[in-house]
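Peer 1: See start16.csv below, with CSV, C-alpha atoms and all ligand atoms.
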```csv
chain,number,residue,atom,x,y,z
A,1,MET,CA,111.9,52.1,132.5
A,2,ARG,CA,114.2,52.6,129.5
A,3,GLY,CA,114.5,50.1,126.7
A,4,SER,CA,118.2,49.4,127.5
A,5,SER,CA,117.3,48.5,131.1
A,6,HIS,CA,114.6,46.2,130.0
A,7,LEU,CA,117.0,44.5,127.6
A,8,ALA,CA,119.7,44.2,130.3
A,9,ILE,CA,117.1,42.7,132.8
A,10,GLY,CA,115.8,40.4,130.1
A,11,LEU,CA,119.3,39.1,129.3
A,12,ILE,CA,120.1,38.6,133.0
A,13,THR,CA,116.8,36.8,133.4
A,14,GLY,CA,117.7,34.5,130.6
A,15,ALA,CA,120.9,33.5,132.4
A,16,GLY,CA,119.0,33.3,135.7
A,17,ILE,CA,116.3,31.0,134.4
A,18,ALA,CA,119.0,28.5,133.3
A,19,ALA,CA,120.3,28.6,136.8
A,20,VAL,CA,117.0,27.8,138.5
A,21,VAL,CA,115.1,25.5,136.1
A,22,PRO,CA,116.6,22.0,136.7
A,23,ASP,CA,116.8,20.5,133.2
A,24,LEU,CA,117.3,23.7,131.2
A,25,LYS,CA,120.6,24.1,129.4
A,26,LEU,CA,122.4,27.4,129.7
A,27,SER,CA,122.5,28.6,126.1
A,28,LEU,CA,123.4,31.9,124.3
A,29,PRO,CA,120.5,31.7,121.8
A,30,GLY,CA,118.2,31.1,124.9
A,31,ILE,CA,119.6,34.2,126.6
A,32,ALA,CA,119.2,36.2,123.4
A,33,LEU,CA,115.6,35.0,123.1
A,34,ALA,CA,114.9,36.1,126.7
A,35,GLY,CA,116.3,39.6,125.8
A,36,PHE,CA,114.2,39.8,122.7
A,37,SER,CA,111.1,38.7,124.7
A,38,SER,CA,111.8,41.4,127.3
A,39,LEU,CA,111.4,44.1,124.6
A,40,ALA,CA,108.2,42.6,123.1
A,41,PRO,CA,105.7,44.1,125.5
A,42,ASP,CA,106.7,47.6,124.4
A,43,LEU,CA,105.7,46.9,120.8
A,44,ASP,CA,102.7,48.9,121.9
A,45,HIS,CA,104.9,52.0,122.4
A,46,PRO,CA,104.0,54.8,119.9
A,47,GLY,CA,107.7,55.8,119.3
A,48,SER,CA,110.6,53.5,119.6
A,49,ARG,CA,112.8,54.7,122.4
A,50,LEU,CA,115.7,52.8,120.9
A,51,SER,CA,115.4,54.9,117.7
A,52,LYS,CA,115.4,58.2,119.6
A,53,ARG,CA,118.6,57.2,121.2
A,54,LEU,CA,120.3,56.2,118.0
A,55,GLY,CA,119.5,59.6,116.4
A,56,PHE,CA,121.0,60.1,112.9
A,57,ALA,CA,122.4,56.5,112.8
A,58,GLN,CA,118.9,55.2,113.0
A,59,ASN,CA,118.2,54.7,109.3
A,60,PHE,CA,121.6,53.0,108.8
A,61,VAL,CA,121.1,50.8,111.8
A,62,ARG,CA,117.6,49.8,110.8
A,63,TRP,CA,118.6,48.9,107.3
A,64,ALA,CA,121.7,47.1,108.6
A,65,PHE,CA,119.4,44.9,110.8
A,66,ALA,CA,117.0,44.3,107.9
A,67,GLY,CA,119.8,43.6,105.4
A,68,ALA,CA,121.6,41.2,107.8
A,69,ALA,CA,118.3,39.4,108.4
A,70,VAL,CA,117.7,38.9,104.7
A,71,LEU,CA,121.3,37.7,104.2
A,72,LEU,CA,121.1,35.3,107.1
A,73,ALA,CA,117.8,34.0,105.8
A,74,LEU,CA,119.2,33.5,102.3
A,75,TYR,CA,122.3,31.8,103.6
A,76,ALA,CA,120.3,29.5,105.8
A,77,HIS,CA,117.9,28.7,103.0
A,78,PHE,CA,120.5,27.8,100.4
A,79,ASN,CA,123.5,26.6,102.5
A,80,LEU,CA,122.2,24.9,105.6
A,81,PRO,CA,120.9,21.4,105.6
A,82,ALA,CA,117.3,21.0,106.9
A,83,GLY,CA,117.5,20.5,110.7
A,84,PRO,CA,117.6,22.4,113.9
A,85,ASN,CA,120.4,24.7,112.9
A,86,LYS,CA,118.6,25.9,109.8
A,87,ARG,CA,115.4,26.5,111.8
A,88,VAL,CA,117.2,28.5,114.5
A,89,ALA,CA,119.0,30.5,111.8
A,90,LEU,CA,115.7,31.4,110.1
A,91,THR,CA,114.1,32.3,113.4
A,92,ALA,CA,117.1,34.5,114.3
A,93,ALA,CA,116.7,36.2,110.9
A,94,LEU,CA,113.0,36.8,111.6
A,95,SER,CA,113.9,38.4,115.0
A,96,MET,CA,116.5,40.6,113.5
A,97,PHE,CA,114.1,41.8,110.8
A,98,LEU,CA,111.5,42.5,113.5
A,99,ILE,CA,114.0,44.5,115.5
A,100,GLY,CA,114.9,46.5,112.4
A,101,MET,CA,111.3,47.2,111.6
A,102,ALA,CA,110.5,48.2,115.2
A,103,MET,CA,113.3,50.9,115.1
A,104,GLN,CA,111.1,53.6,113.7
A,105,ASN,CA,108.7,56.2,114.9
A,106,GLN,CA,105.0,56.6,114.9
A,107,SER,CA,103.0,55.6,111.8
A,108,ALA,CA,106.0,54.1,109.8
A,109,ARG,CA,106.7,51.8,112.7
A,110,LYS,CA,103.1,50.7,113.0
A,111,LEU,CA,102.9,50.0,109.3
A,112,ALA,CA,106.2,48.2,109.1
A,113,LEU,CA,105.2,46.0,112.1
A,114,LEU,CA,101.8,45.4,110.6
A,115,PHE,CA,103.2,44.2,107.3
A,116,THR,CA,105.9,42.1,109.0
A,117,GLY,CA,103.3,40.6,111.3
A,118,VAL,CA,100.9,39.7,108.5
A,119,GLY,CA,103.8,38.2,106.5
A,120,ALA,CA,104.6,36.0,109.5
A,121,VAL,CA,100.9,35.0,109.8
A,122,LEU,CA,100.9,33.9,106.2
A,123,GLY,CA,104.3,32.2,106.5
A,124,GLY,CA,103.0,30.3,109.5
A,125,LEU,CA,99.9,29.2,107.6
A,126,TYR,CA,102.0,28.2,104.6
A,127,TRP,CA,104.5,26.1,106.5
A,128,GLU,CA,101.9,24.9,109.0
A,129,MET,CA,103.6,26.5,112.0
A,130,LEU,CA,101.0,27.8,114.3
A,131,TRP,CA,103.5,29.6,116.5
A,132,LEU,CA,104.7,31.7,113.6
A,133,SER,CA,101.2,32.8,112.8
A,134,LEU,CA,100.5,33.6,116.5
A,135,LEU,CA,103.7,35.5,116.7
A,136,GLY,CA,102.8,37.4,113.5
A,137,ALA,CA,99.3,38.2,114.9
A,138,PHE,CA,100.9,39.6,118.1
A,139,VAL,CA,103.4,41.7,116.2
A,140,ALA,CA,100.8,43.1,113.8
A,141,THR,CA,98.2,44.0,116.5
A,142,ALA,CA,100.4,45.1,119.5
A,143,PRO,CA,101.4,48.5,117.9
A,144,PHE,CA,97.7,49.5,117.6
A,145,THR,CA,96.9,49.0,121.3
A,146,THR,CA,97.1,51.6,124.0
A,147,HIS,CA,100.6,51.8,125.7
A,148,ARG,CA,100.8,49.6,128.8
A,149,SER,CA,97.4,48.0,128.3
A,150,TRP,CA,97.0,44.6,126.6
A,151,THR,CA,100.6,43.6,126.0
A,152,HIS,CA,101.3,44.4,129.7
A,153,THR,CA,99.0,41.7,131.2
A,154,ILE,CA,99.5,38.2,132.4
A,155,TRP,CA,97.3,37.0,129.5
A,156,ALA,CA,99.8,38.4,127.0
A,157,ALA,CA,102.7,36.9,129.0
A,158,ALA,CA,100.8,33.5,128.9
A,159,LEU,CA,100.2,33.9,125.2
A,160,TRP,CA,103.9,34.7,124.6
A,161,THR,CA,104.9,31.6,126.6
A,162,TYR,CA,102.4,29.5,124.7
A,163,ILE,CA,103.9,30.7,121.4
A,164,GLY,CA,107.3,29.6,122.9
A,165,TYR,CA,105.9,26.2,123.8
A,166,LEU,CA,104.6,25.7,120.2
A,167,ALA,CA,107.9,26.9,118.7
A,168,ASN,CA,109.7,24.5,121.1
A,169,LYS,CA,107.7,21.6,119.6
A,170,ASP,CA,108.3,22.8,116.0
A,171,LEU,CA,111.9,23.7,116.2
A,172,GLY,CA,112.9,20.9,118.5
A,173,TRP,CA,114.9,23.5,120.6
A,174,HIS,CA,114.3,22.7,124.2
A,175,GLY,CA,113.6,25.6,126.6
A,176,VAL,CA,112.1,28.1,124.2
A,177,ALA,CA,109.0,28.5,126.4
A,178,ALA,CA,111.0,29.0,129.6
A,179,TYR,CA,113.4,31.6,128.0
A,180,ALA,CA,110.6,33.4,126.2
A,181,GLY,CA,108.2,33.5,129.1
A,182,ALA,CA,110.8,34.5,131.7
A,183,GLY,CA,112.0,37.3,129.4
A,184,TYR,CA,108.5,38.6,128.8
A,185,MET,CA,107.6,38.5,132.6
A,186,SER,CA,110.8,40.3,133.5
A,187,HIS,CA,109.5,43.3,131.5
A,188,LEU,CA,106.2,43.4,133.4
A,189,LEU,CA,107.9,43.0,136.7
A,190,ALA,CA,110.4,45.8,135.9
A,191,ASP,CA,107.5,48.1,134.8
A,192,THR,CA,105.9,47.3,138.2
A,193,LEU,CA,108.7,49.3,139.8
A,194,THR,CA,107.6,52.5,137.9
A,195,LYS,CA,105.0,55.1,139.0
A,196,SER,CA,102.2,54.0,136.6
A,197,GLY,CA,102.7,50.3,137.4
A,198,ILE,CA,101.1,47.5,135.5
A,199,ARG,CA,97.4,46.5,135.1
A,200,TYR,CA,98.1,42.8,135.1
A,201,PHE,CA,94.5,41.6,135.0
A,202,LEU,CA,92.9,43.8,132.3
A,203,PRO,CA,90.0,43.8,131.6
A,204,LEU,CA,89.0,41.9,134.8
A,205,SER,CA,90.5,44.5,137.0
A,206,ASP,CA,91.6,48.0,136.2
A,207,LYS,CA,93.8,48.2,139.3
A,208,ALA,CA,97.5,49.0,138.6
A,209,ILE,CA,99.9,46.9,140.7
A,210,LYS,CA,103.0,48.9,141.5
A,211,LEU,CA,106.0,49.4,143.7
A,212,PRO,CA,106.8,52.9,142.6
A,213,LEU,CA,110.6,53.2,143.0
A,214,ILE,CA,111.6,54.6,139.7
A,215,SER,CA,110.5,57.7,137.9
A,216,THR,CA,111.5,57.0,134.3
A,217,GLY,CA,113.7,59.6,132.6
A,218,SER,CA,114.9,61.4,135.8
A,219,ALA,CA,118.6,61.3,136.7
A,220,THR,CA,117.9,59.4,140.0
A,221,GLY,CA,115.5,57.1,138.1
A,222,ASN,CA,118.2,56.3,135.6
A,223,MET,CA,120.8,55.7,138.3
A,224,LEU,CA,118.4,53.4,140.1
A,225,GLU,CA,117.7,51.4,137.0
A,226,VAL,CA,121.5,50.8,136.5
A,227,ALA,CA,121.8,49.9,140.2
A,228,ILE,CA,118.9,47.4,139.9
A,229,CYS,CA,120.5,45.8,136.8
A,230,VAL,CA,123.9,45.5,138.5
A,231,GLY,CA,122.4,44.1,141.7
A,232,TYR,CA,120.2,41.7,139.8
A,233,GLY,CA,123.2,40.7,137.7
A,234,LEU,CA,125.2,39.9,140.8
A,235,VAL,CA,122.4,37.7,142.3
A,236,VAL,CA,122.1,35.8,139.0
A,237,ALA,CA,125.9,35.4,138.8
A,238,LEU,CA,125.8,33.9,142.3
A,239,LEU,CA,123.0,31.5,141.3
A,240,LEU,CA,124.9,30.4,138.2
A,241,TRP,CA,128.0,29.8,140.3
A,242,GLN,CA,126.0,27.7,142.7
A,243,ARG,CA,124.5,25.6,139.9
A,244,PHE,CA,127.4,25.2,137.6
A,245,GLY,CA,130.4,26.1,139.7
A,246,THR,CA,133.8,25.9,138.1
A,247,THR,CA,132.4,24.1,135.0
A,248,LEU,CA,131.5,27.6,133.7
A,249,LEU,CA,135.1,28.9,133.7
A,250,PRO,CA,136.6,28.9,130.3
A,251,ILE,CA,139.7,26.9,131.3
A,301,ZN,ZN,106.6,48.4,129.2
```
Take the structure in this file and express it as structure tokens.
Ligand SMILES: [Zn+2]

Peer 2:
Amino acid sequence: MRGSSHLAIGLITGAGIAAVVPDLKLSLPGIALAGFSSLAPDLDHPGSRLSKRLGFAQNFVRWAFAGAAVLLALYAHFNLPAGPNKRVALTAALSMFLIGMAMQNQSARKLALLFTGVGAVLGGLYWEMLWLSLLGAFVATAPFTTHRSWTHTIWAAALWTYIGYLANKDLGWHGVAAYAGAGYMSHLLADTLTKSGIRYFLPLSDKAIKLPLISTGSATGNMLEVAICVGYGLVVALLLWQRFGTTLLPI
């Protein structure tokens, strides 16, 4: 499945989880977090599909992401009072930096993610934030694993959700675990629809679980991905309507 479809499914899942989990607030940062989490399993991908698609603009876009991340971090550090807003802004800056670093190919990408990850591990130790260290360890090691192996298991999804749970406690931002976990799982479920499927229970079982509807890259495969996103989006829109009704309308 293409990265753009994963992102779309992750964002829709973010909105959907707010519709079905009783005390969860529908929030834009939450939906963005679910989208970010839906891309995380493919940190094990040797080349970034996103970068291939962007072509010549790649360098510019990568540095724009990294630059904006640094600016946001500086702004938050110097101008925002300590509190939830500052922590959310710093976390957003870190995510943007990660996305920028992931937008490369082959060895440069591995190295950039390794250094970013190690930086986050050290930052987490320094500020005594275990979630940041665990996130850093995930980001640093994932690129060195075989594609669709460790990051595509229920253990990785559980670890990602646990990181969200710890971040939830540290940041005081309710719902991080739900948004992060749902976004991550949406990636695995979406990959289940492809020919190679997912080996959810590695190393306990080598069996790939799949419902092979989509052949990635083919014209029909691409159309099917779009159709799935649209259908899924409609279902979630309906759920949101049921939960929030007219209170969602901007009038
Ligand atoms: Zn994948």

Peer 1: Could you list, as a list of chain:residue names, all the residues within 9 Å of ligand ZN 301 (chain A), counting all atoms listed in the file?

Peer 2: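 So, counting all atoms listed in the file, the residues near ligand ZN 301 (chain A) are A:Met1, A:Arg2, A:Gly3, A:His6, A:Ser38, A:Leu39, A:Ala40, A:Pro41, A:Asp42, A:Leu43, A:Asp44, A:His45, A:His147, A:Arg148, A:Thr151, A:His152, A:His187, A:Leu188, A:Ala190, A:Asp191, A:Ile198.
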
Peer 1: Determine, counting all atoms listed in the file, which protein, DNA and RNA residues have an atom within 9 Å of an atom of Phe201 (chain A); residues of the same chain fewer than 5 positions away are not included. Present the result as an mmCIF file with C-alpha atoms, keeping the file's coordinate frame.

Peer 2:
```cif
data_model
loop_
_atom_site.group_PDB
_atom_site.id
_atom_site.type_symbol
_atom_site.label_atom_id
_atom_site.label_comp_id
_atom_site.auth_asym_id
_atom_site.auth_seq_id
_atom_site.Cartn_x
_atom_site.Cartn_y
_atom_site.Cartn_z
ATOM 1 C CA THR A 153 99.000 41.700 131.200
ATOM 2 C CA ILE A 154 99.500 38.200 132.400
ATOM 3 C CA TRP A 155 97.300 37.000 129.500
ATOM 4 C CA ASP A 206 91.600 48.000 136.200
ATOM 5 C CA LYS A 207 93.800 48.200 139.300
ATOM 6 C CA ALA A 208 97.500 49.000 138.600
#
```

Peer 1: Would you please work out which residue, of A:Ala140, A:Val121, A:Ala102, A:Ser5, is nearest to Ile214 (chain A) when using only C-alpha atoms?

Peer 2: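 Looking only at the distances to Ile214 (chain A), the closest residue turns out to be A:Ser5.
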
Peer 1: What is the distance between CA of Met129 (chain A) and CA of Ala180 (chain A), in Å to one decimal?

Peer 2: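 Computing the Euclidean distance for CA of Met129 (chain A) and CA of Ala180 (chain A) yields 17.3 Å.
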
Peer 1: Measure the distance from CA of Leu122 (chain A) to CA of Gly30 (chain A) in Å and round it to one decimal.

Peer 2: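 Between CA of Leu122 (chain A) and CA of Gly30 (chain A) the gap works out to 25.6 Å.
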
Peer 1: Within 10 Å of Gly123 (chain A), counting only C-alpha atoms, which residues qualify if same-chain residues fewer than 5 places away don't, as a PyMOL selection string?

Peer 2: chain A and resi 117-118+128-130+132-133+136

Peer 1: Go ahead and write the selection's residues with C-alpha atoms as a PDB file, in the frame of the given file.

Peer 2:
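Ended up saving to part-v9.pdb:
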```pdb
ATOM      1  CA  GLY A 117     103.300  40.600 111.300  1.00  0.00           C
ATOM      2  CA  VAL A 118     100.900  39.700 108.500  1.00  0.00           C
ATOM      3  CA  GLU A 128     101.900  24.900 109.000  1.00  0.00           C
ATOM      4  CA  MET A 129     103.600  26.500 112.000  1.00  0.00           C
ATOM      5  CA  LEU A 130     101.000  27.800 114.300  1.00  0.00           C
ATOM      6  CA  LEU A 132     104.700  31.700 113.600  1.00  0.00           C
ATOM      7  CA  SER A 133     101.200  32.800 112.800  1.00  0.00           C
ATOM      8  CA  GLY A 136     102.800  37.400 113.500  1.00  0.00           C
TER       9      GLY A 136
END
```

Peer 1: From the set A:Ile31, A:Ala15, A:Ala167, A:Ala157, which residue has the shortest atom-to-atom contact distance to Arg87 (chain A), counting all atoms listed in the file?

Peer 2: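 Nearest candidate to Arg87 (chain A) out of A:Ile31, A:Ala15, A:Ala167, A:Ala157: A:Ala167.
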
Peer 1: In Å, with one decimal, what is the gap from CA of Leu7 (chain A) to CA of Asp23 (chain A)?

Peer 2: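 Atom-to-atom, CA of Leu7 (chain A) to CA of Asp23 (chain A), that is 24.6 Å.
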
Peer 1: Could you check the closest approach to Pro212 (chain A) for each of A:Ala8, A:Ala18, A:Val226, A:Leu193 and tell me which residue wins, using only C-alpha atoms?

Peer 2: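 Looking at the shortest contact to Pro212 (chain A), the residue is A:Leu193.
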
Peer 1: Pick from A:Leu171, A:Leu94, A:Leu239, A:Ile17: nearest to Leu72 (chain A), with only C-alpha atoms counted?

Peer 2: A:Leu94

Peer 1: Looking at A:Ser95, A:Asn79, A:Ser149, A:Thr220, which one is nearest to Phe36 (chain A), with distances taken over only C-alpha atoms?

Peer 2: A:Ser95

Peer 1: Which residues are close to Gly35 (chain A), i.e. within 7 Å by all atoms listed in the file, leaving aside same-chain residues fewer than 5 positions away? Reply as a list in words.

Peer 2: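 What passes the distance filter is Leu7, Gly10, Leu11 and Gly183 of chain A.
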
Peer 1: Give the answer as one residue: which of A:Lys110, A:Phe115, A:Ile163, A:Gln104 has the shortest atom-to-atom distance to Trp131 (chain A), using all atoms listed in the file?

Peer 2: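 Using all atoms listed in the file, Trp131 (chain A) sits closest to A:Ile163.
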
Peer 1: What lies within 12 Å of Ser218 (chain A) using only C-alpha atoms, ignoring chain neighbours under 5 positions off, as a PDB file with C-alpha atoms, keeping the file's coordinate frame?

Peer 2:
```pdb
ATOM      1  CA  MET A   1     111.900  52.100 132.500  1.00  0.00           C
ATOM      2  CA  ARG A   2     114.200  52.600 129.500  1.00  0.00           C
ATOM      3  CA  THR A 194     107.600  52.500 137.900  1.00  0.00           C
ATOM      4  CA  LEU A 213     110.600  53.200 143.000  1.00  0.00           C
ATOM      5  CA  MET A 223     120.800  55.700 138.300  1.00  0.00           C
ATOM      6  CA  LEU A 224     118.400  53.400 140.100  1.00  0.00           C
ATOM      7  CA  GLU A 225     117.700  51.400 137.000  1.00  0.00           C
TER       8      GLU A 225
END
```
